[in-house]
file final-v7.tsv (TSV, C-alpha atoms)
chain	number	residue	atom	x	y	z
A	256	MET	CA	-59.61	171.40	71.00
A	257	THR	CA	-56.12	170.32	71.99
A	258	GLY	CA	-56.05	166.92	73.63
A	259	PHE	CA	-59.61	165.90	72.77
A	260	GLU	CA	-59.96	162.44	71.26
A	261	ASN	CA	-62.98	161.54	69.16
A	262	HIS	CA	-65.17	159.71	71.63
A	263	ALA	CA	-68.10	157.26	71.52
A	264	GLY	CA	-70.36	156.59	74.49
A	265	PHE	CA	-72.20	153.27	74.84
A	266	ASN	CA	-75.11	152.51	77.14
A	267	ILE	CA	-75.68	148.85	78.01
A	268	SER	CA	-79.13	147.75	79.18
A	269	SER	CA	-80.63	144.28	79.48
A	270	SER	CA	-82.08	144.49	75.97
A	271	LYS	CA	-79.86	146.68	73.81
A	272	LEU	CA	-76.66	148.60	73.18
A	273	GLN	CA	-76.89	152.33	72.40
A	274	VAL	CA	-74.16	154.52	70.94
A	275	VAL	CA	-73.55	158.27	70.73
A	276	GLU	CA	-70.40	159.41	68.93
A	277	VAL	CA	-68.83	162.88	69.14
A	278	ILE	CA	-65.87	164.20	67.15
A	279	TYR	CA	-63.96	167.50	67.17
A	280	GLU	CA	-63.90	169.00	63.70
A	281	GLY	CA	-63.49	172.54	62.42
A	282	GLU	CA	-62.84	173.87	65.92
A	283	GLN	CA	-66.17	172.59	67.24
A	284	PHE	CA	-67.71	169.45	68.66
A	285	LYS	CA	-69.91	167.55	66.25
A	286	LEU	CA	-72.45	164.78	66.79
A	287	VAL	CA	-71.94	162.14	64.11
A	288	ASN	CA	-73.69	158.98	65.26
A	289	ILE	CA	-76.77	157.95	67.28
A	290	ASP	CA	-77.92	154.36	67.03
A	291	GLU	CA	-78.99	151.27	68.95
A	292	ALA	CA	-78.93	147.51	68.42
A	293	TYR	CA	-80.96	144.93	70.32
A	294	PHE	CA	-79.34	141.82	71.76
A	295	ASN	CA	-80.39	138.48	70.33
A	296	ASP	CA	-81.31	137.41	73.87
A	297	PRO	CA	-81.89	139.59	76.94
A	298	ILE	CA	-78.83	139.98	79.17
A	299	ASP	CA	-78.84	139.49	82.92
A	300	LEU	CA	-75.57	141.16	83.83
A	301	GLU	CA	-75.70	139.85	87.40
A	302	LYS	CA	-76.37	136.18	86.59
A	303	ASP	CA	-75.31	135.41	83.03
A	304	LYS	CA	-71.86	134.01	82.34
A	305	ASP	CA	-69.23	136.43	81.09
A	306	THR	CA	-68.94	134.44	77.86
A	307	LYS	CA	-72.64	134.94	77.06
A	308	ILE	CA	-72.55	138.65	77.92
A	309	SER	CA	-69.42	139.20	75.83
A	310	ALA	CA	-70.86	137.34	72.83
A	311	LEU	CA	-74.15	139.28	72.87
A	312	LEU	CA	-72.32	142.56	73.38
A	313	GLN	CA	-70.00	141.82	70.47
A	314	GLY	CA	-72.93	140.86	68.24
A	315	ALA	CA	-74.75	144.13	68.92
A	316	PHE	CA	-71.53	146.12	68.50
A	317	ASP	CA	-70.86	144.46	65.13
A	318	GLU	CA	-74.40	145.30	64.01
A	319	LEU	CA	-73.80	148.95	64.84
A	320	LEU	CA	-70.49	148.93	62.94
A	321	ILE	CA	-72.11	147.43	59.86
A	322	LYS	CA	-74.53	150.36	59.76
A	323	LYS	CA	-71.86	152.99	60.50
A	324	SER	CA	-68.20	152.55	61.35
A	325	LEU	CA	-66.72	154.44	64.29
A	326	LYS	CA	-64.39	157.37	63.75
A	327	ALA	CA	-63.51	157.27	67.44
A	328	THR	CA	-60.93	154.92	68.87
A	329	SER	CA	-61.75	155.90	72.48
A	330	ILE	CA	-65.02	154.64	73.96
A	331	SER	CA	-66.81	154.69	77.30
A	332	PHE	CA	-69.72	152.80	78.84
A	333	THR	CA	-72.66	153.39	81.14
A	334	LEU	CA	-73.99	150.44	83.08
A	335	PRO	CA	-77.40	149.79	84.70
A	336	PHE	CA	-78.40	150.47	88.29
A	337	GLU	CA	-78.32	146.87	89.48
A	338	LEU	CA	-74.53	146.64	89.10
A	339	PHE	CA	-73.81	149.54	91.45
A	340	HIS	CA	-73.82	149.65	95.24
A	341	ILE	CA	-74.54	153.16	96.47
A	342	THR	CA	-74.40	154.92	99.82
A	343	GLN	CA	-74.05	158.44	101.19
A	344	VAL	CA	-72.03	158.74	104.39
A	345	PRO	CA	-70.51	161.55	106.51
A	346	TYR	CA	-67.25	162.85	105.07
A	347	ASP	CA	-64.13	162.59	107.20
A	348	ASN	CA	-61.44	164.90	105.80
A	349	THR	CA	-58.87	163.68	108.33
A	350	LEU	CA	-58.48	160.35	106.50
A	351	LEU	CA	-55.93	159.74	103.77
A	352	TYR	CA	-57.31	158.62	100.41
A	353	GLN	CA	-56.60	154.90	100.83
A	354	ASP	CA	-57.89	154.91	104.41
A	355	MET	CA	-61.08	156.56	103.18
A	356	ILE	CA	-61.54	153.90	100.49
A	357	GLU	CA	-61.15	151.18	103.14
A	358	GLN	CA	-63.69	152.98	105.32
A	359	PHE	CA	-66.15	153.01	102.42
A	360	ARG	CA	-65.44	149.33	101.78
A	361	TRP	CA	-66.35	148.62	105.41
A	362	GLU	CA	-69.57	150.66	105.03
A	363	PHE	CA	-70.51	148.55	102.01
A	364	SER	CA	-69.83	145.33	103.94
A	365	VAL	CA	-72.37	146.44	106.56
A	366	LEU	CA	-74.97	147.64	104.07
A	367	TYR	CA	-74.54	144.73	101.65
A	368	PRO	CA	-73.36	141.74	103.72
A	369	TYR	CA	-74.17	139.34	100.87
A	370	ILE	CA	-71.52	140.76	98.49
A	371	SER	CA	-67.77	140.46	98.38
A	372	THR	CA	-66.33	143.91	99.01
A	373	LYS	CA	-62.77	142.77	98.32
A	374	ASN	CA	-63.21	143.18	94.56
A	375	LEU	CA	-65.26	146.37	94.62
A	376	VAL	CA	-63.95	149.33	92.64
A	377	ILE	CA	-65.01	152.42	94.57
A	378	GLN	CA	-65.55	156.01	93.46
A	379	TYR	CA	-66.77	158.87	95.64
A	380	PHE	CA	-67.79	162.52	95.41
A	381	GLU	CA	-67.48	165.05	98.22
A	382	ILE	CA	-70.64	166.99	99.08
A	383	GLU	CA	-70.21	170.18	101.06
A	384	LYS	CA	-72.59	171.30	103.77
A	385	ASN	CA	-75.22	173.62	102.32
A	386	ALA	CA	-78.78	174.81	102.86
A	387	PHE	CA	-80.11	171.32	102.15
A	388	ASN	CA	-77.43	169.03	103.60
A	389	ILE	CA	-77.05	169.05	107.38
A	390	MET	CA	-73.40	167.96	107.26
A	391	PRO	CA	-70.63	167.30	104.72
A	392	SER	CA	-70.90	163.85	103.17
A	393	SER	CA	-69.56	161.56	100.48
A	394	MET	CA	-71.62	159.99	97.71
A	395	VAL	CA	-70.03	156.57	97.22
A	396	LEU	CA	-70.49	154.10	94.37
A	397	GLY	CA	-69.01	150.62	94.17
A	398	ILE	CA	-69.00	148.10	91.32
A	399	GLN	CA	-67.46	144.64	91.05
A	400	ARG	CA	-64.11	144.73	89.26
A	401	LYS	CA	-65.12	141.89	86.90
A	402	TYR	CA	-67.40	144.22	84.90
A	403	LEU	CA	-64.57	146.65	84.31
A	404	GLN	CA	-62.28	143.79	83.30
A	405	MET	CA	-64.90	142.43	80.90
A	406	LEU	CA	-65.27	145.82	79.16
A	407	HIS	CA	-61.49	146.28	79.09
A	408	SER	CA	-61.16	142.92	77.33
A	409	PHE	CA	-63.92	143.89	74.90
A	410	CYS	CA	-62.03	147.08	73.99
A	411	GLU	CA	-58.74	145.24	73.56
A	412	LYS	CA	-60.43	142.73	71.24
A	413	ASN	CA	-61.80	145.56	69.10
A	414	ASN	CA	-58.62	147.70	69.17
A	415	LEU	CA	-60.31	150.43	71.16
A	416	LYS	CA	-59.27	152.48	74.18
A	417	LEU	CA	-61.51	152.32	77.23
A	418	LYS	CA	-61.82	155.74	78.91
A	419	PHE	CA	-64.72	155.81	81.39
A	420	ILE	CA	-67.35	153.57	82.99
A	421	ASP	CA	-70.23	155.22	84.84
A	422	ASN	CA	-73.69	154.78	86.32
A	423	LEU	CA	-76.35	155.55	83.70
A	424	HIS	CA	-78.10	158.29	85.70
A	425	ILE	CA	-74.92	160.09	86.73
A	426	ALA	CA	-73.89	160.04	83.06
A	427	ALA	CA	-77.30	161.40	82.04
A	428	GLU	CA	-76.93	164.16	84.63
A	429	ARG	CA	-73.68	165.20	82.93
A	430	ALA	CA	-75.61	165.61	79.68
A	431	LEU	CA	-77.63	168.34	81.37
A	432	SER	CA	-74.51	170.53	81.48
A	433	VAL	CA	-74.56	170.79	77.68
A	434	CYS	CA	-78.35	170.89	77.34
A	435	ASN	CA	-80.27	174.10	76.71
A	436	ALA	CA	-82.72	173.10	79.41
A	437	LEU	CA	-80.18	173.68	82.19
A	438	VAL	CA	-80.44	177.44	82.60
A	439	TYR	CA	-81.39	177.39	86.26
A	440	LYS	CA	-79.46	178.01	89.44
A	441	GLY	CA	-80.46	176.71	92.83
A	442	LEU	CA	-81.99	173.31	93.58
A	443	THR	CA	-82.66	170.99	90.64
A	444	LEU	CA	-84.15	167.51	90.55
A	445	SER	CA	-83.56	164.88	87.92
A	446	ILE	CA	-85.13	161.44	87.83
A	447	TYR	CA	-84.38	158.40	85.72
A	448	PHE	CA	-86.65	155.40	85.62
A	449	ASN	CA	-87.18	152.14	83.79
A	450	ASN	CA	-89.26	149.08	84.60
A	451	ARG	CA	-86.99	148.05	87.50
A	452	PHE	CA	-85.61	151.17	89.17
A	453	LEU	CA	-86.34	154.78	89.99
A	454	SER	CA	-83.29	156.99	90.45
A	455	ILE	CA	-83.51	160.41	92.11
A	456	LEU	CA	-80.69	162.96	91.97
A	457	TYR	CA	-80.73	166.40	93.56
A	458	ALA	CA	-78.17	169.05	92.60
A	459	PHE	CA	-77.53	172.52	93.98
A	460	ASN	CA	-76.02	175.07	91.58
A	461	GLY	CA	-75.08	172.20	89.28
A	462	LYS	CA	-73.34	170.04	91.92
A	463	PRO	CA	-74.96	166.77	93.10
A	464	ILE	CA	-76.03	166.78	96.74
A	465	SER	CA	-78.09	163.56	96.93
A	466	PHE	CA	-78.42	160.40	94.84
A	467	LYS	CA	-80.83	157.57	95.59
A	468	VAL	CA	-81.83	154.48	93.61
A	469	ILE	CA	-85.08	152.73	94.53
A	470	PRO	CA	-85.99	149.24	93.26
A	471	LEU	CA	-89.49	148.99	91.76
A	472	ASN	CA	-92.00	146.16	91.69
A	473	ASP	CA	-93.88	148.04	88.97
A	474	ALA	CA	-94.32	151.56	87.62
A	475	SER	CA	-97.36	152.25	89.79
A	476	GLU	CA	-95.00	152.85	92.74
A	477	ILE	CA	-93.16	155.77	91.12
A	478	ILE	CA	-95.52	158.55	92.20
A	479	GLU	CA	-95.63	157.35	95.81
A	480	HIS	CA	-91.82	157.32	95.97
A	481	LEU	CA	-91.52	160.78	94.38
A	482	LEU	CA	-94.09	162.28	96.74
A	483	ARG	CA	-92.04	161.01	99.68
A	484	GLU	CA	-88.61	161.91	98.28
A	485	THR	CA	-89.62	165.50	97.48
A	486	LYS	CA	-90.42	166.28	101.12
A	487	PRO	CA	-87.95	167.19	103.91
A	488	SER	CA	-86.21	164.28	105.62
A	489	PRO	CA	-83.74	164.09	108.55
A	490	SER	CA	-80.78	163.96	106.15
A	491	LEU	CA	-81.99	166.19	103.30
A	492	ARG	CA	-84.00	169.35	103.90
A	493	VAL	CA	-85.70	169.73	100.53
A	494	ASP	CA	-89.22	170.73	99.69
A	495	ARG	CA	-91.03	170.64	96.35
A	496	SER	CA	-91.55	174.40	96.48
A	497	GLN	CA	-87.76	174.93	96.48
A	498	ILE	CA	-87.12	172.98	93.26
A	499	GLU	CA	-86.15	175.42	90.51
A	500	ALA	CA	-86.17	172.89	87.69
A	501	ALA	CA	-86.98	169.20	87.26
A	502	PHE	CA	-85.77	166.86	84.53
A	503	ILE	CA	-86.73	163.37	83.50
A	504	CYS	CA	-84.99	160.74	81.42
A	505	GLY	CA	-85.22	157.05	80.70
A	506	ASP	CA	-86.24	154.69	77.95
A	507	GLU	CA	-89.62	155.02	76.23
A	508	ILE	CA	-91.01	157.79	78.48
A	509	SER	CA	-94.23	159.14	76.99
A	510	GLY	CA	-95.61	162.64	77.16
A	511	SER	CA	-98.59	161.35	79.15
A	512	VAL	CA	-96.26	160.04	81.87
A	513	VAL	CA	-94.60	163.43	82.14
A	514	GLU	CA	-98.01	165.12	82.27
A	515	THR	CA	-99.17	162.82	85.08
A	516	LEU	CA	-96.05	163.49	87.15
A	517	ASN	CA	-96.37	167.23	86.64
A	518	LYS	CA	-100.00	167.23	87.71
A	519	THR	CA	-99.45	165.03	90.77
A	520	LEU	CA	-96.27	166.69	92.04
A	521	GLY	CA	-96.98	170.26	90.98
A	522	LEU	CA	-93.66	170.41	89.11
A	523	ASN	CA	-92.78	171.02	85.49
A	524	PHE	CA	-90.64	168.07	84.45
A	525	ILE	CA	-88.62	168.65	81.29
A	526	LEU	CA	-88.12	165.68	78.99
A	527	PHE	CA	-84.78	167.14	78.04
A	528	ASN	CA	-82.87	166.80	74.80
A	529	PRO	CA	-79.15	166.06	75.44
A	530	PHE	CA	-78.29	167.12	71.88
A	531	ASP	CA	-79.58	170.69	72.07
A	532	LYS	CA	-76.17	172.34	72.17
A	533	ILE	CA	-74.11	170.18	69.86
A	534	LYS	CA	-74.00	170.47	66.09
A	535	PRO	CA	-75.32	167.31	64.36
A	536	SER	CA	-73.98	165.89	61.12
A	537	GLN	CA	-76.33	166.31	58.17
A	538	ASN	CA	-77.37	162.65	58.06
A	539	LEU	CA	-78.89	162.82	61.56
A	540	PHE	CA	-81.73	165.03	60.34
A	541	ASP	CA	-83.21	161.87	58.81
A	542	ASN	CA	-82.52	159.76	61.92
A	543	LYS	CA	-85.73	158.99	63.86
A	544	LEU	CA	-83.74	158.17	66.98
A	545	TYR	CA	-82.24	161.67	66.91
A	546	LEU	CA	-85.57	163.32	66.12
A	547	GLU	CA	-87.96	161.32	68.32
A	548	LYS	CA	-86.07	159.26	70.95
A	549	TYR	CA	-83.36	161.74	71.93
A	550	ASN	CA	-84.20	161.54	75.64
A	551	SER	CA	-83.56	157.80	75.80
A	552	PHE	CA	-79.95	158.47	74.72
A	553	SER	CA	-79.21	160.75	77.69
A	554	SER	CA	-76.82	158.28	79.33
A	555	ALA	CA	-74.87	157.43	76.18
A	556	ALA	CA	-74.72	161.15	75.35
A	557	GLY	CA	-73.56	162.11	78.84
A	558	ILE	CA	-70.67	159.66	78.82
A	559	ALA	CA	-69.75	160.62	75.22
A	560	PHE	CA	-69.61	164.30	76.24
A	561	ARG	CA	-67.36	163.56	79.21
A	562	LEU	CA	-63.87	165.06	78.92
A	563	ALA	CA	-62.33	164.01	82.25

call {"tool": "encode", "arguments": {"input": "final-v7.tsv", "output": "structure tokens"}}
result
Amino acid sequence: MTGFENHAGFNISSSKLQVVEVIYEGEQFKLVNIDEAYFNDPIDLEKDKDTKISALLQGAFDELLIKKSLKATSISFTLPFELFHITQVPYDNTLLYQDMIEQFRWEFSVLYPYISTKNLVIQYFEIEKNAFNIMPSSMVLGIQRKYLQMLHSFCEKNNLKLKFIDNLHIAAERALSVCNALVYKGLTLSIYFNNRFLSILYAFNGKPISFKVIPLNDASEIIEHLLRETKPSPSLRVDRSQIEAAFICGDEISGSVVETLNKTLGLNFILFNPFDKIKPSQNLFDNKLYLEKYNSFSSAAGIAFRLA
């Protein structure tokens, strides 16, 4: 494929670094690497010093390279929920781009008065009015510039090119576009959860229409939140009966968890495999991560599959 660079996607959590590497060979995309390395100490990306984060990240990266060197020179990262500030606001198409960014910055200053909005890097997606959204809106994400600078420095140190940085659930949602499970039109629901957050993303005909991240005290709260978020609200007119397909991803999600959610919500959550539609290299057929933990690599896969 003309213009495609071999690409590796990395997912950073508090405990480990995951990698998915994709190359273009013989006129087709090929999956050549799936692996993970645990940090020597847990990382608190919000509180730890940059020097500690960089050292632990480098150590895990070196461990991955010892096991298998990268063919890719371009890499991308997904980062955890706690680093992103998220809102969904009415869309004003009369504003110029920079004026719109400043409007979003002001919205963040109201919603998150305890943060400095001056150094926020902001990205947004336009959402058109449809059967579920009452009015056009923008899904807006902001992240402190220092995290982007830290990853840029990491890439420079390792002679790599930084391409993309994304939220881990939005990246996982992208993986659905190359997954055999996504054969449905209409309203789809995907959820991502770990021990700290539940993320809920609705899409209509493959385009996101709502994205919400909910902090958790513990996993027992998940069902209560999902029961509430799958009912009509003033801003989003969705009902469980309208959901054509539901997907779930996250780290260490068991079949019993999926079964419980299905029974309680009356849905059929798919623990999807992000590698269904990409040819694997021969060595991956002996890789337990590829065979058994594929779903936990949804974010790293989604960012590795990203072309633009």

call {"tool": "atom_distance", "arguments": {"input": "final-v7.tsv", "atom1": "CA of Lys440 (chain A)", "atom2": "CA of Pro535 (chain A)"}}
result
27.6 Å

call {"tool": "residues_around", "arguments": {"input": "final-v7.tsv", "residues": "Gly510 (chain A)", "least_positions_apart": "4", "cutoff": "10 Å", "atoms": "all atoms listed in the file", "output": "JSON, numbers by chain"}}
result
{"A": [514, 515, 526]}

call {"tool": "closest_residue", "arguments": {"input": "final-v7.tsv", "among": "A:Lys322, A:Lys307, A:Lys462, A:Arg429", "to": "Ala556 (chain A)", "atoms": "only C-alpha atoms"}}
result
A:Arg429

call {"tool": "closest_residue", "arguments": {"input": "final-v7.tsv", "among": "A:Ala315, A:Ala426, A:Ile464, A:Ile498", "to": "Thr485 (chain A)", "atoms": "only C-alpha atoms"}}
result
A:Ile498

call {"tool": "residues_around", "arguments": {"input": "final-v7.tsv", "residues": "Asp494 (chain A)", "least_positions_apart": "6", "cutoff": "10 Å", "atoms": "only C-alpha atoms", "output": "list in words"}}
result
Phe387, Leu442, Glu484, Thr485, Lys486, Pro487 and Ser488 of chain A

call {"tool": "write_last_selection", "arguments": {"input": "final-v7.tsv", "atoms": "C-alpha atoms", "output": "PDB file, keeping the file's coordinate frame"}}
result
ATOM      1  CA  PHE A 387     -80.110 171.320 102.150  1.00  0.00           C
ATOM      2  CA  LEU A 442     -81.990 173.310  93.580  1.00  0.00           C
ATOM      3  CA  GLU A 484     -88.610 161.910  98.280  1.00  0.00           C
ATOM      4  CA  THR A 485     -89.620 165.500  97.480  1.00  0.00           C
ATOM      5  CA  LYS A 486     -90.420 166.280 101.120  1.00  0.00           C
ATOM      6  CA  PRO A 487     -87.950 167.190 103.910  1.00  0.00           C
ATOM      7  CA  SER A 488     -86.210 164.280 105.620  1.00  0.00           C
TER       8      SER A 488
END

call {"tool": "closest_residue", "arguments": {"input": "final-v7.tsv", "among": "A:Arg495, A:Leu456, A:Glu301, A:Met394", "to": "Thr519 (chain A)", "atoms": "only C-alpha atoms"}}
result
A:Arg495

call {"tool": "atom_distance", "arguments": {"input": "final-v7.tsv", "atom1": "CA of Ile398 (chain A)", "atom2": "CA of Glu411 (chain A)"}}
result
20.7 Å

call {"tool": "atom_distance", "arguments": {"input": "final-v7.tsv", "atom1": "CA of Glu507 (chain A)", "atom2": "CA of Ser553 (chain A)"}}
result
12.0 Å

call {"tool": "closest_residue", "arguments": {"input": "final-v7.tsv", "among": "A:Ser268, A:Ser371, A:Asn261, A:Asn288", "to": "Ser536 (chain A)", "atoms": "only C-alpha atoms"}}
result
A:Asn288

call {"tool": "axis_aligned_box", "arguments": {"input": "final-v7.tsv", "around": "region 263-269 of chain A", "padding_each_side": "5 Å", "output": "lines of an AutoDock Vina configuration file"}}
result
center_x = -74.4
center_y = 150.8
center_z = 75.5
size_x = 22.5
size_y = 23.0
size_z = 18.0

call {"tool": "residues_around", "arguments": {"input": "final-v7.tsv", "residues": "Lys401 (chain A)", "least_positions_apart": "2", "cutoff": "9 Å", "atoms": "all atoms listed in the file", "output": "list of chain:residue names"}}
result
A:Asp305, A:Asn374, A:Leu375, A:Ile398, A:Gln399, A:Leu403, A:Gln404, A:Met405, A:Leu406

call {"tool": "closest_residue", "arguments": {"input": "final-v7.tsv", "among": "A:Leu423, A:Gly397, A:Ala386, A:Lys412", "to": "Ala310 (chain A)", "atoms": "only C-alpha atoms"}}
result
A:Lys412

call {"tool": "closest_residue", "arguments": {"input": "final-v7.tsv", "among": "A:Val513, A:Leu338, A:Leu444, A:Ile298", "to": "Ala458 (chain A)", "atoms": "all atoms listed in the file"}}
result
A:Leu444

call {"tool": "residues_around", "arguments": {"input": "final-v7.tsv", "residues": "Asn523 (chain A)", "least_positions_apart": "6", "cutoff": "8 Å", "atoms": "only C-alpha atoms", "output": "mmCIF file with C-alpha atoms, keeping the file's coordinate frame"}}
result
data_model
loop_
_atom_site.group_PDB
_atom_site.id
_atom_site.type_symbol
_atom_site.label_atom_id
_atom_site.label_comp_id
_atom_site.auth_asym_id
_atom_site.auth_seq_id
_atom_site.Cartn_x
_atom_site.Cartn_y
_atom_site.Cartn_z
ATOM 1 C CA ALA A 500 -86.170 172.890 87.690
ATOM 2 C CA ALA A 501 -86.980 169.200 87.260
ATOM 3 C CA ASN A 517 -96.370 167.230 86.640
#
